[in-house]
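Peer 1: Shown below is the structure under consideration.
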Amino acid sequence: MPDVAADSAASASGGELVPFVPDTEIAVVYPLHHGLKPPISRVSISWARGNNLRVSLLRNPPSNSDSDGEIGGKVVEVNLDSGAADVREPAQWRRIAYGSVTPFALLQSRKNSASILSKLQSSPSPFHLDWWEYVMEYSKDIKELLGNPKSNYNPLIEDPKEVLKKGEEPTSLKAAWELMEMFYADKLCQSWLPERLVDWLADYDCLLSGDQPAVHSKLVEFQGTLVTLQVIEDDPKYWEVISSALAVGWLEIVVKLLRLHGSYQLDQIGLREVDCHLEKDAIFSDCFCLPGEVLTENGLVETVAVLISMMPRMRPELKNGKLGECFKAKPDFVKAWEKWREQITKLDSSAFWVLCDHRQTREGLKNLIQIMLGSIRILCTATSHWIELYISHFLFIRPFTVGFESMYNLAQKCIEMKPMSSPHKLLRLIIGIIGENTEVVLAECSRGFGPWMVTHAIELLTARSDQADILLHKEHDDIGGISMEELHRLVYAQVLTSHFLTWQIAPVYLTSCMRQGMSLLEVLLYRQPAQHNQLLLKNLEICRLYELDHVSSNIMKIAGVYHWKHGRKGLGVFWLQQARDEFLLNKIAQQLFDSVGKSISGESFKQWEGLIELLGSESKPAGNLEFLHKYRDFKKLLQQVCDRKTPDAARHASDLLMLLTLLSWQGRPLLNVSQTNLLLNKLQELSMASLRPGVVATDLPAEALDSVRLALATNLGRAILEEQ
């Protein structure tokens, strides 16, 4: 039988998923709004989904006389990271760890069902044909966990000078997950993958700021100075941020900034006031004939803004507020793209630029036109990182780029043009993905995002890639015959088991490992301390879920021995009975005999009655336990005979006396002098009564009466000697 395990919290290593914060920190108080009237008799606390605590409050059941009509209890949930910035990071990780268990377990269940169906039928199962849809459902559930939403403030009146709106706070973990999803799992986006990358950069460009400022950081810096600018178009930063935003496809921001131009202000109209509708119609007409007095500065700005807002996009749809014209079919997109570029070329070569007297406006708009025409020199100037230059190629130079090989070659070209001394982990991950190097992708996920990411992203890696599936499921003799997939799951399970807040979700991942998972799960369960009752019940529940009956029995034995050795006799006997360990129960009974035998007086015996009751015949123990139970009942009945309380007590006592075979026990006398004399007299009366005529003879053999009489006589002599 395994030894009693030590406290797992004491043996936790440095690889904790959630670092333990000592109690020296300032305590955080969370309000609990339950609405119950006092008194509250009981409070139960347990973990809910993610970073929530489930608090159950129960009131005393009211009597009929004082019933106040109130409910008997209430269950409320408390979010632990509301207003507690100092515990946000550990709490966030714990929320992700707990929340990802259900999607992972559901996907494994579906995978097992698909495997069974594929073995039963020769044709491909529906699970196999539509597997990517199940993976996308799984990915959607995980993405909801990875978000880090802020409280969005939506003013009734929108600030016209607010360029960047506050929304969900981006995280590198979610950015990496979306990369894996779009390249490996999402079958529908493969035809417009470059546009997906444009959206991805728009959401996560703020994470890439390092030695060089990203486009997002430029916009943030400019927005801080925007309110202080009197003539915005005179500031070089204004045209710089517009060019940068256009280069990465943030069209709505570009148009909004352009319409902050001074030519739109009522107090600056002057010669700039024109009929913009006339200008746009003239520019986009086939004849392209404009009178020189019409195309003024404001007209040029508005025309460029309209051209930007009409940019063709090879994608099925756009989010609300995004600009551009979507085309699903490639022929339609090519036709619209050529027409759009033709309009830009006409505008660039027109003679009406000489009418624009404002030099900064003229040069700034010219730069925007060159970006839309795909000038590599201007794009390199407008972008900061190679990924931004990479995105600009998709938008304005190579919108028809398809295939991982073409995307990888283009990325290498952009890296040569904009090298980085220490690339961000997200950029390293992108290179591994488009380079079709599964080992690099796994290494970058592990190094940059930890075991959680590798364990869960493997499901995306293998969704539509047979090569990745073969690589990850190949068994390796040098690591114990397990696959890379199982290895990463075991590593993540070890991280979970290293902390007392997350060990109980490790079995989900261990049981998905066919080779070594179950044996390590048994080790984990044996390691849990036996002294905590709630933890013990959790252990037993895990054993029940995974049908580990032998582990459950051993754990109950460990708990029984531990409690018995530490003075909690009742708990010890209870758990040993639950484990059906007759050997240890008999050893306990022998210890009880030794203790009872030292002093057989009634007062001394009372302290053992509760334990003897617990050791009753319901658990069907053998030997000494059964005797103690009967001896307890015999003592009670004998006392009733002495007190003449129950007429049938003598008969029941005699029945029990016949069953007790240990009156000649060599330890100490079981009965005192008066009790022994009483039994001898009753035995004599029984013998004399049997000689009378008309008395029905008992089926009790004479040898049994002689044995009892001899045992009582021996007990009487020893009792007289002890009392003297």
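Each chain of the structure tokens is named A, B, ... in the order shown, its residues numbered from 1; ligands are numbered from 1 in display order.
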What lies within 9 Å of region 503-507 of chain A using only C-alpha atoms, ignoring chain neighbours under 3 positions off, as an mmCIF file with N, CA and C atoms, in the first residue's frame?

Peer 2:
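What landed in part.cif:
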```cif
data_model
loop_
_atom_site.group_PDB
_atom_site.id
_atom_site.type_symbol
_atom_site.label_atom_id
_atom_site.label_comp_id
_atom_site.auth_asym_id
_atom_site.auth_seq_id
_atom_site.Cartn_x
_atom_site.Cartn_y
_atom_site.Cartn_z
ATOM 1 N N ALA A 97 -6.665 28.660 -18.301
ATOM 2 C CA ALA A 97 -6.428 27.239 -18.059
ATOM 3 C C ALA A 97 -7.729 26.494 -17.792
ATOM 4 N N TYR A 98 -8.584 27.059 -16.957
ATOM 5 C CA TYR A 98 -9.851 26.389 -16.638
ATOM 6 C C TYR A 98 -10.823 26.451 -17.814
ATOM 7 N N VAL A 101 -10.467 23.844 -20.792
ATOM 8 C CA VAL A 101 -10.644 22.410 -20.534
ATOM 9 C C VAL A 101 -11.843 21.858 -21.300
ATOM 10 N N TYR A 492 2.487 20.019 -20.382
ATOM 11 C CA TYR A 492 1.477 20.964 -19.889
ATOM 12 C C TYR A 492 0.790 20.437 -18.634
ATOM 13 N N ALA A 493 0.507 19.135 -18.604
ATOM 14 C CA ALA A 493 -0.104 18.549 -17.405
ATOM 15 C C ALA A 493 0.817 18.694 -16.201
ATOM 16 N N GLN A 494 2.136 18.550 -16.421
ATOM 17 C CA GLN A 494 3.082 18.733 -15.313
ATOM 18 C C GLN A 494 3.045 20.159 -14.793
ATOM 19 N N VAL A 495 2.897 21.125 -15.714
ATOM 20 C CA VAL A 495 2.791 22.526 -15.292
ATOM 21 C C VAL A 495 1.527 22.732 -14.455
ATOM 22 N N LEU A 496 0.432 22.119 -14.875
ATOM 23 C CA LEU A 496 -0.813 22.247 -14.113
ATOM 24 C C LEU A 496 -0.686 21.624 -12.728
ATOM 25 N N THR A 497 -0.027 20.480 -12.647
ATOM 26 C CA THR A 497 0.073 19.789 -11.356
ATOM 27 C C THR A 497 1.028 20.474 -10.393
ATOM 28 N N SER A 498 1.814 21.416 -10.886
ATOM 29 C CA SER A 498 2.782 22.073 -10.012
ATOM 30 C C SER A 498 2.145 23.136 -9.136
ATOM 31 N N HIS A 499 0.856 23.392 -9.311
ATOM 32 C CA HIS A 499 0.203 24.417 -8.493
ATOM 33 C C HIS A 499 -1.111 23.891 -7.943
ATOM 34 N N PHE A 500 -1.387 24.230 -6.703
ATOM 35 C CA PHE A 500 -2.551 23.658 -6.025
ATOM 36 C C PHE A 500 -3.868 24.188 -6.556
ATOM 37 N N LEU A 510 -4.001 14.312 -19.074
ATOM 38 C CA LEU A 510 -3.285 13.048 -18.877
ATOM 39 C C LEU A 510 -4.042 11.880 -19.507
ATOM 40 N N THR A 511 -5.359 11.881 -19.377
ATOM 41 C CA THR A 511 -6.137 10.761 -19.925
ATOM 42 C C THR A 511 -6.193 10.777 -21.448
ATOM 43 N N SER A 512 -5.819 11.895 -22.066
ATOM 44 C CA SER A 512 -5.757 11.933 -23.532
ATOM 45 C C SER A 512 -4.426 11.401 -24.059
ATOM 46 N N GLY A 517 -0.155 8.455 -19.957
ATOM 47 C CA GLY A 517 -1.063 9.350 -19.246
ATOM 48 C C GLY A 517 -1.675 8.747 -17.999
ATOM 49 N N MET A 518 -2.207 7.517 -18.095
ATOM 50 C CA MET A 518 -2.909 6.917 -16.962
ATOM 51 C C MET A 518 -1.963 6.613 -15.801
ATOM 52 N N LEU A 521 -1.273 9.790 -14.125
ATOM 53 C CA LEU A 521 -2.462 10.223 -13.382
ATOM 54 C C LEU A 521 -2.521 9.520 -12.026
ATOM 55 N N LEU A 524 -0.143 11.219 -9.769
ATOM 56 C CA LEU A 524 -0.691 12.510 -9.341
ATOM 57 C C LEU A 524 -1.701 12.332 -8.207
ATOM 58 N N LYS A 538 -12.402 15.046 -3.836
ATOM 59 C CA LYS A 538 -12.095 15.387 -5.229
ATOM 60 C C LYS A 538 -11.284 14.279 -5.881
ATOM 61 N N ASN A 539 -10.317 13.741 -5.143
ATOM 62 C CA ASN A 539 -9.522 12.623 -5.656
ATOM 63 C C ASN A 539 -10.392 11.427 -6.017
ATOM 64 N N ILE A 542 -12.394 11.957 -9.165
ATOM 65 C CA ILE A 542 -11.575 11.758 -10.366
ATOM 66 C C ILE A 542 -11.400 10.271 -10.644
ATOM 67 N N TYR A 546 -12.753 8.212 -14.135
ATOM 68 C CA TYR A 546 -11.847 7.503 -15.035
ATOM 69 C C TYR A 546 -11.724 6.019 -14.680
#
```

Peer 1: With a distance cut-off of 10 Å and only C-alpha atoms, select the neighbouring residues of Val301 (chain A), excluding the residue or stretch itself and same-chain residues fewer than 2 positions from it, and output the selection as a list in words.

Peer 2: Val255, Leu258, Arg259, His261, Ser263, Tyr264, Cys276, Leu295, Thr296, Glu297, Asn298, Gly299, Thr303, Val304, Ala305, Val306, Thr361, Arg362, Gly364 and Leu365 of chain A

Peer 1: For the residues in that selection, give me N, CA, C and O atoms as a compact mmCIF listing (two decimals), in the first residue's frame.

Peer 2:
```
# COMPACT_ATOMS: atom_id res chain seq x y z
N VAL A 255 -9.04 58.17 -44.42
CA VAL A 255 -10.10 59.07 -44.88
C VAL A 255 -10.50 60.04 -43.77
O VAL A 255 -10.73 61.24 -44.02
N LEU A 258 -7.81 62.66 -43.55
CA LEU A 258 -7.86 63.58 -44.69
C LEU A 258 -8.97 64.61 -44.53
O LEU A 258 -8.81 65.78 -44.92
N ARG A 259 -10.09 64.18 -43.96
CA ARG A 259 -11.21 65.11 -43.82
C ARG A 259 -11.09 66.01 -42.61
O ARG A 259 -11.99 66.79 -42.32
N HIS A 261 -8.53 67.91 -42.83
CA HIS A 261 -7.77 68.93 -43.56
C HIS A 261 -8.45 70.29 -43.44
O HIS A 261 -9.68 70.40 -43.41
N SER A 263 -9.00 72.58 -45.48
CA SER A 263 -9.85 73.03 -46.58
C SER A 263 -11.31 72.67 -46.36
O SER A 263 -12.19 73.19 -47.06
N TYR A 264 -11.59 71.78 -45.37
CA TYR A 264 -12.97 71.42 -45.06
C TYR A 264 -13.59 72.35 -44.03
O TYR A 264 -14.79 72.28 -43.79
N CYS A 276 -17.47 69.64 -54.80
CA CYS A 276 -16.72 68.38 -54.82
C CYS A 276 -17.42 67.32 -55.64
O CYS A 276 -16.76 66.48 -56.25
N LEU A 295 -10.83 72.13 -60.06
CA LEU A 295 -10.01 71.23 -59.27
C LEU A 295 -9.10 72.04 -58.37
O LEU A 295 -8.01 72.42 -58.72
N THR A 296 -9.55 72.35 -57.19
CA THR A 296 -8.79 73.13 -56.22
C THR A 296 -8.28 72.20 -55.13
O THR A 296 -8.43 71.00 -55.20
N GLU A 297 -7.69 72.82 -54.12
CA GLU A 297 -7.05 72.04 -53.06
C GLU A 297 -8.04 71.11 -52.36
O GLU A 297 -7.76 69.93 -52.16
N ASN A 298 -9.19 71.62 -51.99
CA ASN A 298 -10.17 70.79 -51.31
C ASN A 298 -10.68 69.68 -52.22
O ASN A 298 -10.91 68.55 -51.76
N GLY A 299 -10.80 69.97 -53.50
CA GLY A 299 -11.23 68.96 -54.43
C GLY A 299 -10.23 67.83 -54.56
O GLY A 299 -10.60 66.65 -54.65
N THR A 303 -11.02 64.07 -53.56
CA THR A 303 -10.91 63.06 -54.61
C THR A 303 -10.02 61.91 -54.17
O THR A 303 -10.35 60.73 -54.39
N VAL A 304 -8.89 62.22 -53.55
CA VAL A 304 -8.01 61.17 -53.05
C VAL A 304 -8.72 60.36 -51.97
O VAL A 304 -8.62 59.12 -51.93
N ALA A 305 -9.49 61.02 -51.11
CA ALA A 305 -10.21 60.31 -50.06
C ALA A 305 -11.24 59.35 -50.65
O ALA A 305 -11.40 58.21 -50.18
N VAL A 306 -11.92 59.80 -51.71
CA VAL A 306 -12.92 58.94 -52.34
C VAL A 306 -12.26 57.76 -53.03
O VAL A 306 -12.74 56.62 -52.96
N THR A 361 0.25 70.03 -48.77
CA THR A 361 -0.90 69.26 -49.24
C THR A 361 -0.60 68.59 -50.57
O THR A 361 -0.90 67.40 -50.77
N ARG A 362 0.03 69.33 -51.47
CA ARG A 362 0.34 68.78 -52.79
C ARG A 362 1.30 67.60 -52.67
O ARG A 362 1.07 66.53 -53.26
N GLY A 364 1.94 65.77 -49.96
CA GLY A 364 1.33 64.70 -49.18
C GLY A 364 0.38 63.86 -50.00
O GLY A 364 0.39 62.62 -49.94
N LEU A 365 -0.47 64.51 -50.80
CA LEU A 365 -1.40 63.77 -51.65
C LEU A 365 -0.66 62.99 -52.73
O LEU A 365 -1.07 61.88 -53.10
```

Peer 1: May I have the residues within 9 Å of Leu442 (chain A) as a list of chain:residue names, using only C-alpha atoms and disregarding those fewer than 3 positions away in the same chain?

Peer 2: A:Leu429, A:Gly432, A:Asn437, A:Thr438, A:Glu439, A:Cys445, A:Ser446, A:Arg447, A:Val454, A:Ala457, A:Ile458

Peer 1: For Leu164 (chain A), which residue out of A:Glu252, A:Arg95, A:Ser209, A:Ile142 is the nearest one, using only C-alpha atoms?

Peer 2: A:Glu252

Peer 1: If you run DSSP on this backbone, which residues of region 301-481 of chain A come out as helix (DSSP H, G or I), and could you give them as a ChimeraX atom specification?

Peer 2: /A:301-309,330-348,351-355,359-372,376-382,386-396,404-417,425-434,438-461,466-473,477-479

Peer 1: Among region 455-512 of chain A, which ones does DSSP assign to strand (DSSP E) (computed from the backbone)? Answer as a PyMOL selection string.

Peer 2: chain A and resi 475-476+482-483

Peer 1: Output the selection as a PDB file, in the first residue's frame - C-alpha atoms for each residue.

Peer 2:
```pdb
ATOM      1  CA  GLU A 475       6.075   7.561 -31.924  1.00  0.00           C
ATOM      2  CA  HIS A 476       9.678   8.132 -30.874  1.00  0.00           C
ATOM      3  CA  ILE A 482       5.360   8.476 -27.180  1.00  0.00           C
ATOM      4  CA  SER A 483       4.481  10.990 -29.882  1.00  0.00           C
TER       5      SER A 483
END
```

Peer 1: Just want the 12 Å neighbourhood of Gly99 (chain A), counted on only C-alpha atoms, with same-chain residues fewer than 4 positions away dropped. Output as an mmCIF file with C-alpha atoms, in the first residue's frame.

Peer 2:
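The file below, part24.cif, is the result:
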```cif
data_model
loop_
_atom_site.group_PDB
_atom_site.id
_atom_site.type_symbol
_atom_site.label_atom_id
_atom_site.label_comp_id
_atom_site.auth_asym_id
_atom_site.auth_seq_id
_atom_site.Cartn_x
_atom_site.Cartn_y
_atom_site.Cartn_z
ATOM 1 C CA TRP A 47 -14.615 27.610 -8.427
ATOM 2 C CA ALA A 48 -16.907 28.511 -11.307
ATOM 3 C CA ARG A 49 -15.901 28.999 -14.957
ATOM 4 C CA GLY A 50 -12.702 30.933 -15.505
ATOM 5 C CA ASN A 51 -11.782 33.422 -12.792
ATOM 6 C CA ASN A 52 -15.122 33.382 -10.984
ATOM 7 C CA ALA A 91 -5.920 35.339 -12.572
ATOM 8 C CA GLN A 92 -5.918 35.706 -16.340
ATOM 9 C CA TRP A 93 -3.824 32.579 -16.767
ATOM 10 C CA ARG A 94 -5.990 30.608 -14.391
ATOM 11 C CA ARG A 95 -9.093 31.725 -16.281
ATOM 12 C CA PRO A 103 -13.425 22.857 -25.539
ATOM 13 C CA PHE A 104 -10.381 20.579 -25.449
ATOM 14 C CA ALA A 105 -12.282 17.668 -23.890
ATOM 15 C CA TYR A 138 -13.061 24.674 -30.819
ATOM 16 C CA ASP A 141 -14.287 28.914 -27.865
ATOM 17 C CA ILE A 142 -10.577 29.309 -27.142
ATOM 18 C CA LYS A 143 -10.441 32.791 -28.698
ATOM 19 C CA GLU A 144 -13.210 33.978 -26.418
ATOM 20 C CA LEU A 145 -11.012 33.042 -23.475
ATOM 21 C CA LEU A 146 -7.926 34.782 -24.845
ATOM 22 C CA TRP A 452 -0.551 25.846 -22.915
ATOM 23 C CA THR A 502 -4.815 23.939 -11.213
ATOM 24 C CA ILE A 505 -7.737 19.854 -14.366
#
```

Peer 1: Here is a test: counting only C-alpha atoms, which residue of A:Gln531, A:Asn409, A:Gln360, A:Thr228 is nearest to Lys565 (chain A)?

Peer 2: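 So, comparing all the options, the nearest one is A:Gln531.
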
Peer 1: In terms of the shortest atom-to-atom distance over only C-alpha atoms, which of A:Ser56, A:Ser350, A:Gln591, A:Thr345 is closest to Gly374 (chain A)?

Peer 2: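 Among A:Ser56, A:Ser350, A:Gln591, A:Thr345, it is A:Thr345 that comes nearest to Gly374 (chain A).
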
Peer 1: Provide the CA of Leu32 (chain A) to CA of Val76 (chain A) distance in Å, to one decimal place.

Peer 2: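 Distance reported for this atom pair: 8.0 Å.
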